[in-house]
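Structure file final_18.cif (mmCIF, C-alpha atoms and all ligand atoms) is printed below.
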```
data_upload
loop_
_atom_site.label_atom_id
_atom_site.label_comp_id
_atom_site.auth_asym_id
_atom_site.auth_seq_id
_atom_site.Cartn_x
_atom_site.Cartn_y
_atom_site.Cartn_z
CA MET D 1 0.00 0.00 0.00
CA VAL D 2 1.47 3.33 -1.06
CA ILE D 3 0.57 6.41 0.93
CA THR D 4 1.26 9.77 -0.68
CA ILE D 5 0.70 13.24 0.74
CA ARG D 6 0.92 16.10 -1.76
CA ASN D 7 -0.45 19.57 -2.36
CA GLU D 8 -3.99 19.70 -3.63
CA GLU D 9 -4.25 20.29 -7.37
CA GLU D 10 -7.19 21.50 -9.42
CA LYS D 11 -7.97 17.96 -10.54
CA ASP D 12 -8.63 17.06 -6.88
CA TYR D 13 -11.20 19.79 -6.19
CA ARG D 14 -14.33 17.76 -6.76
CA VAL D 15 -13.14 14.59 -5.04
CA VAL D 16 -11.98 16.64 -2.04
CA GLU D 17 -15.43 18.20 -1.82
CA GLU D 18 -17.06 14.75 -2.11
CA ILE D 19 -14.87 13.38 0.69
CA THR D 20 -15.55 16.45 2.82
CA ARG D 21 -19.30 15.99 2.32
CA GLU D 22 -19.11 12.30 3.26
CA ALA D 23 -16.94 12.95 6.31
CA PHE D 24 -19.09 15.74 7.74
CA TRP D 25 -22.57 14.61 6.70
CA ASN D 26 -24.98 14.77 9.69
CA LEU D 27 -22.00 15.06 12.03
CA TYR D 28 -22.29 18.60 13.37
CA THR D 29 -25.62 19.59 11.84
CA PRO D 30 -28.28 17.77 9.77
CA GLY D 31 -26.61 17.62 6.35
CA ALA D 32 -23.29 19.45 6.05
CA VAL D 33 -21.82 22.81 5.10
CA GLU D 34 -18.12 21.88 5.09
CA HIS D 35 -18.03 20.70 1.46
CA PHE D 36 -19.38 24.12 0.49
CA LEU D 37 -16.67 25.66 2.65
CA ALA D 38 -14.04 23.57 0.83
CA HIS D 39 -15.56 24.73 -2.46
CA SER D 40 -15.57 28.44 -1.52
CA ILE D 41 -12.39 28.74 0.52
CA ARG D 42 -9.96 28.35 -2.39
CA LYS D 43 -11.13 31.62 -3.94
CA HIS D 44 -10.36 33.66 -0.83
CA ALA D 45 -7.21 35.76 -0.46
CA ASP D 46 -6.57 34.18 2.96
CA TYR D 47 -6.45 30.65 1.55
CA LEU D 48 -3.01 29.00 1.69
CA PRO D 49 -2.72 26.51 -1.19
CA GLU D 50 0.90 25.73 -0.19
CA LEU D 51 -0.45 24.29 3.06
CA SER D 52 -3.40 22.44 1.60
CA PHE D 53 -2.80 18.75 1.10
CA VAL D 54 -4.46 15.58 -0.03
CA ILE D 55 -3.58 12.09 1.15
CA GLU D 56 -3.65 9.25 -1.38
CA LEU D 57 -3.84 5.54 -0.84
CA ASP D 58 -2.53 3.68 -3.88
CA GLY D 59 -3.35 6.73 -6.00
CA GLU D 60 -6.87 7.27 -4.62
CA VAL D 61 -7.46 10.52 -2.73
CA ILE D 62 -8.96 9.61 0.67
CA GLY D 63 -8.57 12.84 2.64
CA SER D 64 -7.67 16.49 2.66
CA ILE D 65 -6.67 19.42 4.83
CA MET D 66 -6.98 23.12 3.99
CA TYR D 67 -5.30 26.10 5.63
CA THR D 68 -6.11 29.79 5.85
CA LYS D 69 -4.44 32.80 7.41
CA ALA D 70 -5.74 33.98 10.77
CA LYS D 71 -4.61 36.70 13.14
CA VAL D 72 -4.33 37.47 16.81
CA VAL D 73 -5.16 41.11 17.48
CA ASP D 74 -3.69 42.41 20.71
CA GLU D 75 -4.93 45.18 22.99
CA ALA D 76 -2.89 47.79 21.17
CA GLY D 77 -4.54 46.72 17.91
CA ASP D 78 -1.38 45.09 16.58
CA GLU D 79 -1.94 42.02 14.44
CA HIS D 80 0.05 38.80 14.79
CA GLN D 81 -0.31 36.48 11.86
CA VAL D 82 -0.93 32.80 12.49
CA VAL D 83 -2.48 30.05 10.40
CA SER D 84 -5.52 27.87 10.87
CA PHE D 85 -6.76 24.68 9.28
CA GLY D 86 -10.14 23.28 8.39
CA PRO D 87 -11.90 21.54 6.97
CA VAL D 88 -9.85 18.39 7.50
CA SER D 89 -11.45 15.15 6.43
CA ILE D 90 -10.77 11.50 5.84
CA LEU D 91 -13.22 9.29 3.97
CA PRO D 92 -15.27 7.60 6.74
CA LYS D 93 -14.33 4.02 5.81
CA TYR D 94 -10.70 4.92 6.53
CA HIS D 95 -11.27 6.57 9.92
CA ARG D 96 -9.11 5.62 12.92
CA GLN D 97 -6.40 4.01 10.82
CA GLY D 98 -3.85 6.78 11.25
CA TYR D 99 -4.38 8.61 7.94
CA GLY D 100 -5.68 11.79 9.59
CA ARG D 101 -2.64 11.78 11.85
CA ARG D 102 -0.24 11.48 8.90
CA LEU D 103 -1.98 14.29 7.05
CA ILE D 104 -2.19 16.63 10.03
CA GLU D 105 1.41 15.97 11.09
CA HIS D 106 2.64 16.53 7.55
CA SER D 107 0.84 19.88 7.37
CA ILE D 108 2.20 20.93 10.78
CA ASN D 109 5.75 20.18 9.62
CA GLU D 110 5.23 22.13 6.40
CA ALA D 111 3.80 25.10 8.34
CA LYS D 112 6.94 24.98 10.51
CA LYS D 113 9.17 24.95 7.44
CA LEU D 114 7.36 27.99 6.05
CA GLY D 115 8.16 29.84 9.29
CA TYR D 116 4.65 30.40 10.62
CA PRO D 117 4.65 30.95 14.38
CA ALA D 118 1.53 29.02 15.33
CA ILE D 119 -1.57 27.16 14.25
CA ILE D 120 -4.84 28.12 15.93
CA ILE D 121 -7.93 26.04 15.25
CA GLY D 122 -11.41 25.19 16.41
CA GLY D 123 -12.50 21.59 16.95
CA PHE D 124 -12.87 18.74 19.39
CA PRO D 125 -9.95 18.68 21.87
CA TYR D 126 -9.69 14.89 21.54
CA HIS D 127 -8.92 15.32 17.85
CA TYR D 128 -6.08 17.80 18.39
CA HIS D 129 -4.54 17.30 21.83
CA PRO D 130 -2.56 14.34 20.41
CA TYR D 131 -0.53 16.84 18.32
CA GLY D 132 0.18 19.19 21.25
CA PHE D 133 -2.62 21.68 20.68
CA MET D 134 -3.76 23.29 23.95
CA GLY D 135 -6.64 25.59 24.77
CA THR D 136 -5.72 29.14 23.72
CA LYS D 137 -6.38 30.27 27.30
CA LYS D 138 -2.86 29.02 27.97
CA TYR D 139 -1.62 31.83 25.73
CA ASP D 140 -4.18 34.43 26.81
CA ILE D 141 -5.78 34.33 23.38
CA SER D 142 -9.57 34.56 23.48
CA MET D 143 -12.26 34.50 20.86
CA PRO D 144 -13.46 37.93 19.72
CA ASP D 145 -16.21 37.72 22.41
CA GLY D 146 -13.46 37.75 25.06
CA LYS D 147 -14.15 34.15 26.17
CA PHE D 148 -11.80 31.16 26.28
CA TYR D 149 -13.24 27.94 24.87
CA THR D 150 -11.82 24.44 25.24
CA GLY D 151 -12.50 23.92 21.52
CA ILE D 152 -10.24 26.77 20.42
CA MET D 153 -6.66 25.49 20.50
CA ALA D 154 -3.18 26.66 19.63
CA LEU D 155 0.06 24.96 18.70
CA PRO D 156 3.23 27.10 18.71
CA LEU D 157 5.53 26.00 15.91
CA TYR D 158 8.80 26.93 17.58
CA GLU D 159 10.03 27.63 21.09
CA GLY D 160 8.48 30.81 22.45
CA ALA D 161 6.51 31.49 19.27
CA LEU D 162 3.51 32.74 21.22
CA ASP D 163 5.46 34.59 23.91
CA GLY D 164 4.08 38.10 23.94
CA VAL D 165 1.29 37.17 21.54
CA SER D 166 -2.03 37.55 23.30
CA GLY D 167 -5.36 39.06 22.41
CA LYS D 168 -8.25 37.92 20.27
CA ILE D 169 -8.12 35.33 17.55
CA HIS D 170 -9.79 36.30 14.30
CA PHE D 171 -10.29 33.43 11.91
CA SER D 172 -10.50 34.37 8.26
CA PRO D 173 -13.87 35.41 6.79
CA ALA D 174 -13.06 32.60 4.32
CA MET D 175 -14.14 30.21 7.08
CA TYR D 176 -17.63 31.71 7.14
CA PRO D 177 -18.84 31.65 3.52
CA ASP D 178 -22.18 33.14 2.56
CA GLU D 179 -24.36 30.03 2.43
CA THR D 180 -26.84 31.43 -0.09
CA GLY D 181 -25.58 29.04 -2.76
CA LEU D 182 -25.30 25.99 -0.48
CA ALA D 183 -28.58 24.22 -1.39
CA GLU D 184 -27.99 24.64 -5.11
CA TYR D 185 -24.40 23.46 -4.76
CA ASP D 186 -25.37 20.46 -2.62
CA ALA D 187 -27.91 19.44 -5.28
CA THR D 188 -24.94 18.71 -7.61
CA PHE D 189 -24.10 15.71 -5.38
CA PRO D 190 -26.08 12.46 -5.01
CA PRO D 191 -29.05 12.93 -2.63
CA LYS D 192 -28.37 12.14 1.02
CA GLU D 193 -30.79 12.13 3.91
CA LYS D 194 -30.42 14.92 6.46
CA ARG D 195 -30.91 13.57 9.95
CA VAL D 196 -30.97 14.93 13.47
CA LEU D 197 -28.47 12.87 15.49
CA PRO D 198 -27.20 12.97 19.10
CA CYS D 199 -23.65 13.76 17.93
CA GLN D 200 -24.91 17.15 16.74
CA ALA D 201 -25.99 18.10 20.25
CA ASP D 202 -22.62 16.86 21.55
CA PHE D 203 -20.94 19.20 19.11
CA GLU D 204 -23.14 22.16 20.16
CA LYS D 205 -22.19 21.48 23.76
CA ALA D 206 -18.49 21.10 22.99
CA ALA D 207 -18.42 24.23 20.85
CA SER D 208 -19.65 26.41 23.70
CA GLU D 209 -17.62 24.81 26.51
CA ILE D 210 -15.68 27.40 28.47
CA ASP D 211 -12.08 26.54 29.38
CA THR D 212 -11.92 26.48 33.18
CA ASN D 213 -8.35 25.14 33.30
CA SER D 214 -5.70 27.26 34.90
CA TYR D 215 -2.46 27.18 32.96
CA ALA D 216 0.23 28.17 35.38
C1 LIG O 301 -11.01 13.99 12.27
C2 LIG O 301 -10.46 13.06 11.18
C3 LIG O 301 -9.87 13.88 10.05
C4 LIG O 301 -9.38 12.18 11.84
O1 LIG O 301 -8.87 11.30 10.87
P1 LIG O 301 -8.57 9.77 11.21
O2 LIG O 301 -7.80 9.20 10.08
O3 LIG O 301 -9.84 9.07 11.58
O4 LIG O 301 -7.66 9.92 12.51
P2 LIG O 301 -6.46 8.99 13.01
O5 LIG O 301 -6.84 7.56 12.85
O6 LIG O 301 -5.21 9.42 12.36
O7 LIG O 301 -6.45 9.39 14.55
C5 LIG O 301 -5.38 10.10 15.15
C6 LIG O 301 -5.73 10.33 16.59
O8 LIG O 301 -6.75 11.35 16.71
C7 LIG O 301 -7.63 11.00 17.80
N1 LIG O 301 -8.97 10.72 17.25
C8 LIG O 301 -9.33 10.70 15.93
N2 LIG O 301 -10.65 10.46 15.80
C9 LIG O 301 -11.14 10.33 17.05
C10 LIG O 301 -12.43 10.06 17.58
N3 LIG O 301 -13.49 9.89 16.78
N4 LIG O 301 -12.55 9.99 18.92
C11 LIG O 301 -11.49 10.14 19.75
N5 LIG O 301 -10.24 10.41 19.31
C12 LIG O 301 -10.07 10.49 17.98
C13 LIG O 301 -7.04 9.76 18.45
O9 LIG O 301 -6.12 10.17 19.44
C14 LIG O 301 -6.32 9.12 17.28
O10 LIG O 301 -5.28 8.26 17.67
P3 LIG O 301 -5.62 6.72 18.02
O11 LIG O 301 -6.48 6.18 16.91
O12 LIG O 301 -4.26 6.10 18.08
O13 LIG O 301 -6.36 6.74 19.31
C15 LIG O 301 -11.57 12.11 10.64
O14 LIG O 301 -12.10 11.35 11.69
C16 LIG O 301 -12.72 12.84 9.96
O15 LIG O 301 -12.70 13.07 8.76
N6 LIG O 301 -13.78 13.16 10.73
C17 LIG O 301 -14.95 13.79 10.19
C18 LIG O 301 -14.71 15.23 9.93
C19 LIG O 301 -14.20 15.98 11.16
O16 LIG O 301 -14.74 15.86 12.25
N7 LIG O 301 -13.12 16.77 10.97
C20 LIG O 301 -12.53 17.55 12.01
C21 LIG O 301 -13.32 18.78 12.24
S1 LIG O 301 -12.85 19.62 13.73
#
```
Could you spell out this file's structure in structure tokens?
Amino acid sequence: MVITIRNEEEKDYRVVEEITREAFWNLYTPGAVEHFLAHSIRKHADYLPELSFVIELDGEVIGSIMYTKAKVVDEAGDEHQVVSFGPVSILPKYHRQGYGRRLIEHSINEAKKLGYPAIIIGGFPYHYHPYGFMGTKKYDISMPDGKFYTGIMALPLYEGALDGVSGKIHFSPAMYPDETGLAEYDATFPPKEKRVLPCQADFEKAASEIDTNSYA
């Protein structure tokens, strides 16, 4: 079995969106929006194609990760550039076999090589703690509402990279596409049933969980 990780190319766009749709369908909401995000994000100025990768298994694309610029704005209004990733997806039949780990670790190493100071993301802590991501409270970086959430995590990419970087994290507007075209776009894929599932409520709960840890 040959595993290849390489930058996404135009020929991968549709399959990446198909995989993203399959991976996220009914997971966080009935249906999914992440394939539309994958579709829209590439056109945005904050998108980082050099950090967007696909993973292939014997030549078949089975997963992808996409990066965008983000910034921490401090009290003085100074901006500190960081990067963020998402969506990241692996085709469901290949989950928990280490492919996501390979893809995420590869992208982290490439972000290091490119000299970025840190990656800041939103997601389930159990997905990202294995790579060293910690709640951004540790770095005194809050969401724009001033709150610290367990689901907002940072990974400094070199020693001291986040020393003196605190404030509010602003993810790119690319991460919040106008969903007007979503239904029409989704209709270009095979029909899939939208269902209300308990995992969606778990996500709602996790997404609003305040970080009560004290990071001494
Ligand atoms: C998240 C995702 C990309 C991970 O890919 P994957 O190939 O299944 O992950 P791996 O097998 O490489 O897992 C690496 C580690 O992450 C953690 N992890 C991954 N999925 C997990 C899960 N469902 N529950 C708990 N821990 C999990 C584990 O520590 C795992 O190591 P282990 O299997 O040795 O315990 C994949 O599950 C996916 O596409 N999910 C749907 C979309 C999604 O939720 N994306 C992330 C949005 S925040």
If you take every atom of ligand LIG 301 (chain O) that the file lists and fit an axis-aligned box around them with 8 Å extra on each side, what centre and edge lengths come out in Å to one decimal, as lines of an AutoDock Vina configuration file?
```
center_x = -9.6
center_y = 12.9
center_z = 14.3
size_x = 26.7
size_y = 29.5
size_z = 27.0
```
| Of the candidates D:Phe148, D:Tyr116, D:Tyr47, D:Phe36, which shows the shortest atom-to-atom distance to D:Asp211, using all atoms listed in the file? |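 Checking each of D:Phe148, D:Tyr116, D:Tyr47, D:Phe36 against D:Asp211, counting all atoms listed in the file, the winner is D:Phe148.
The residue that comes closest to D:Glu110, out of D:Glu50, D:Asp140, D:Asp178, D:Glu75 and on the basis of only C-alpha atoms, is D:Glu50.
You can rank D:Tyr149, D:Phe53, D:Tyr28, D:Phe85 by their closest distance to D:Ala70 using all atoms listed in the file, and at the top of that list sits D:Phe85.
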| Given the choices D:Arg6, D:Gly115, D:Arg101, D:Ser40, which gets closest to D:His127 if the distance is worked out from all atoms listed in the file? |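 Looking at the shortest contact to D:His127, the residue is D:Arg101.
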| task | Could you tell me which of D:Lys113, D:Ala154, D:Pro173, D:Gly146 comes closest to D:Tyr131 if we count only C-alpha atoms? | result |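 Using only C-alpha atoms, D:Tyr131 sits closest to D:Ala154.
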Would you name the residues within 9 Å of ligand LIG 301 (chain O), counting all atoms listed in the file, and put them as a short mmCIF file (atom, residue, chain, number, x, y, z; two decimals) with C-alpha atoms, keeping the file's coordinate frame?
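Writing the result to result-v4.cif gives the following:
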```cif
data_model
loop_
_atom_site.label_atom_id
_atom_site.label_comp_id
_atom_site.auth_asym_id
_atom_site.auth_seq_id
_atom_site.Cartn_x
_atom_site.Cartn_y
_atom_site.Cartn_z
CA ILE D 19 -14.87 13.38 0.69
CA THR D 20 -15.55 16.45 2.82
CA ARG D 21 -19.30 15.99 2.32
CA GLU D 22 -19.11 12.30 3.26
CA ALA D 23 -16.94 12.95 6.31
CA PHE D 24 -19.09 15.74 7.74
CA TRP D 25 -22.57 14.61 6.70
CA LEU D 27 -22.00 15.06 12.03
CA TYR D 28 -22.29 18.60 13.37
CA GLU D 34 -18.12 21.88 5.09
CA GLY D 63 -8.57 12.84 2.64
CA SER D 64 -7.67 16.49 2.66
CA ILE D 65 -6.67 19.42 4.83
CA GLY D 86 -10.14 23.28 8.39
CA PRO D 87 -11.90 21.54 6.97
CA VAL D 88 -9.85 18.39 7.50
CA SER D 89 -11.45 15.15 6.43
CA ILE D 90 -10.77 11.50 5.84
CA LEU D 91 -13.22 9.29 3.97
CA PRO D 92 -15.27 7.60 6.74
CA LYS D 93 -14.33 4.02 5.81
CA TYR D 94 -10.70 4.92 6.53
CA HIS D 95 -11.27 6.57 9.92
CA ARG D 96 -9.11 5.62 12.92
CA GLN D 97 -6.40 4.01 10.82
CA GLY D 98 -3.85 6.78 11.25
CA TYR D 99 -4.38 8.61 7.94
CA GLY D 100 -5.68 11.79 9.59
CA ARG D 101 -2.64 11.78 11.85
CA ARG D 102 -0.24 11.48 8.90
CA LEU D 103 -1.98 14.29 7.05
CA ILE D 104 -2.19 16.63 10.03
CA ILE D 121 -7.93 26.04 15.25
CA GLY D 122 -11.41 25.19 16.41
CA GLY D 123 -12.50 21.59 16.95
CA PHE D 124 -12.87 18.74 19.39
CA PRO D 125 -9.95 18.68 21.87
CA TYR D 126 -9.69 14.89 21.54
CA HIS D 127 -8.92 15.32 17.85
CA TYR D 128 -6.08 17.80 18.39
CA HIS D 129 -4.54 17.30 21.83
CA PRO D 130 -2.56 14.34 20.41
CA TYR D 131 -0.53 16.84 18.32
CA GLY D 151 -12.50 23.92 21.52
#
```
| query | Which residue, D:Ser142, D:Ser214, D:Gln200, D:Ser107, has the smallest gap to D:Leu157 when you use all atoms listed in the file? | reply | D:Ser107
| field | Shell of 7 Å around D:Lys194, only C-alpha atoms, local chain residues under 6 positions omitted, as a PyMOL selection string | value | chain D and resi 26+30-31
Write a file of the just-selected residues containing C-alpha atoms, as a tab-separated table (two decimals), in the coordinates of the input.
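For reference, result_6.tsv as written:
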```
chain	number	residue	atom	x	y	z
D	26	ASN	CA	-24.98	14.77	9.69
D	30	PRO	CA	-28.28	17.77	9.77
D	31	GLY	CA	-26.61	17.62	6.35
```
| task | Fewer than 5 positions away in the same chain doesn't count, so skip those; otherwise give me all residues within 12 Å of D:Lys138, counting all atoms listed in the file, as a ChimeraX atom specification. | result | /D:133,148-150,152-156,162-163,165-167,211-216
| task | Provide the atom CA of D:Asp46 to atom CA of D:Ala118 distance in Å, to one decimal place. | result |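 Separation between atom CA of D:Asp46 and atom CA of D:Ala118: 15.7 Å.
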| field | atom CA of D:Val61 to atom CA of D:Ala111, distance in Å rounded to a single decimal | value |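 Pair atom CA of D:Val61 / atom CA of D:Ala111 returns 21.5 Å.
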| field | atom CA of D:Ile41 to atom CA of D:Lys192, straight-line distance in Å | value |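 Computing it gives 23.0 Å between the two atoms.
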| message | Just want the 12 Å neighbourhood of D:Lys168, counted on all atoms listed in the file, with same-chain residues fewer than 2 positions away dropped. Output as a PyMOL selection string. | response | chain D and resi 70-82+120+136-137+139-148+152+165-166+170-171
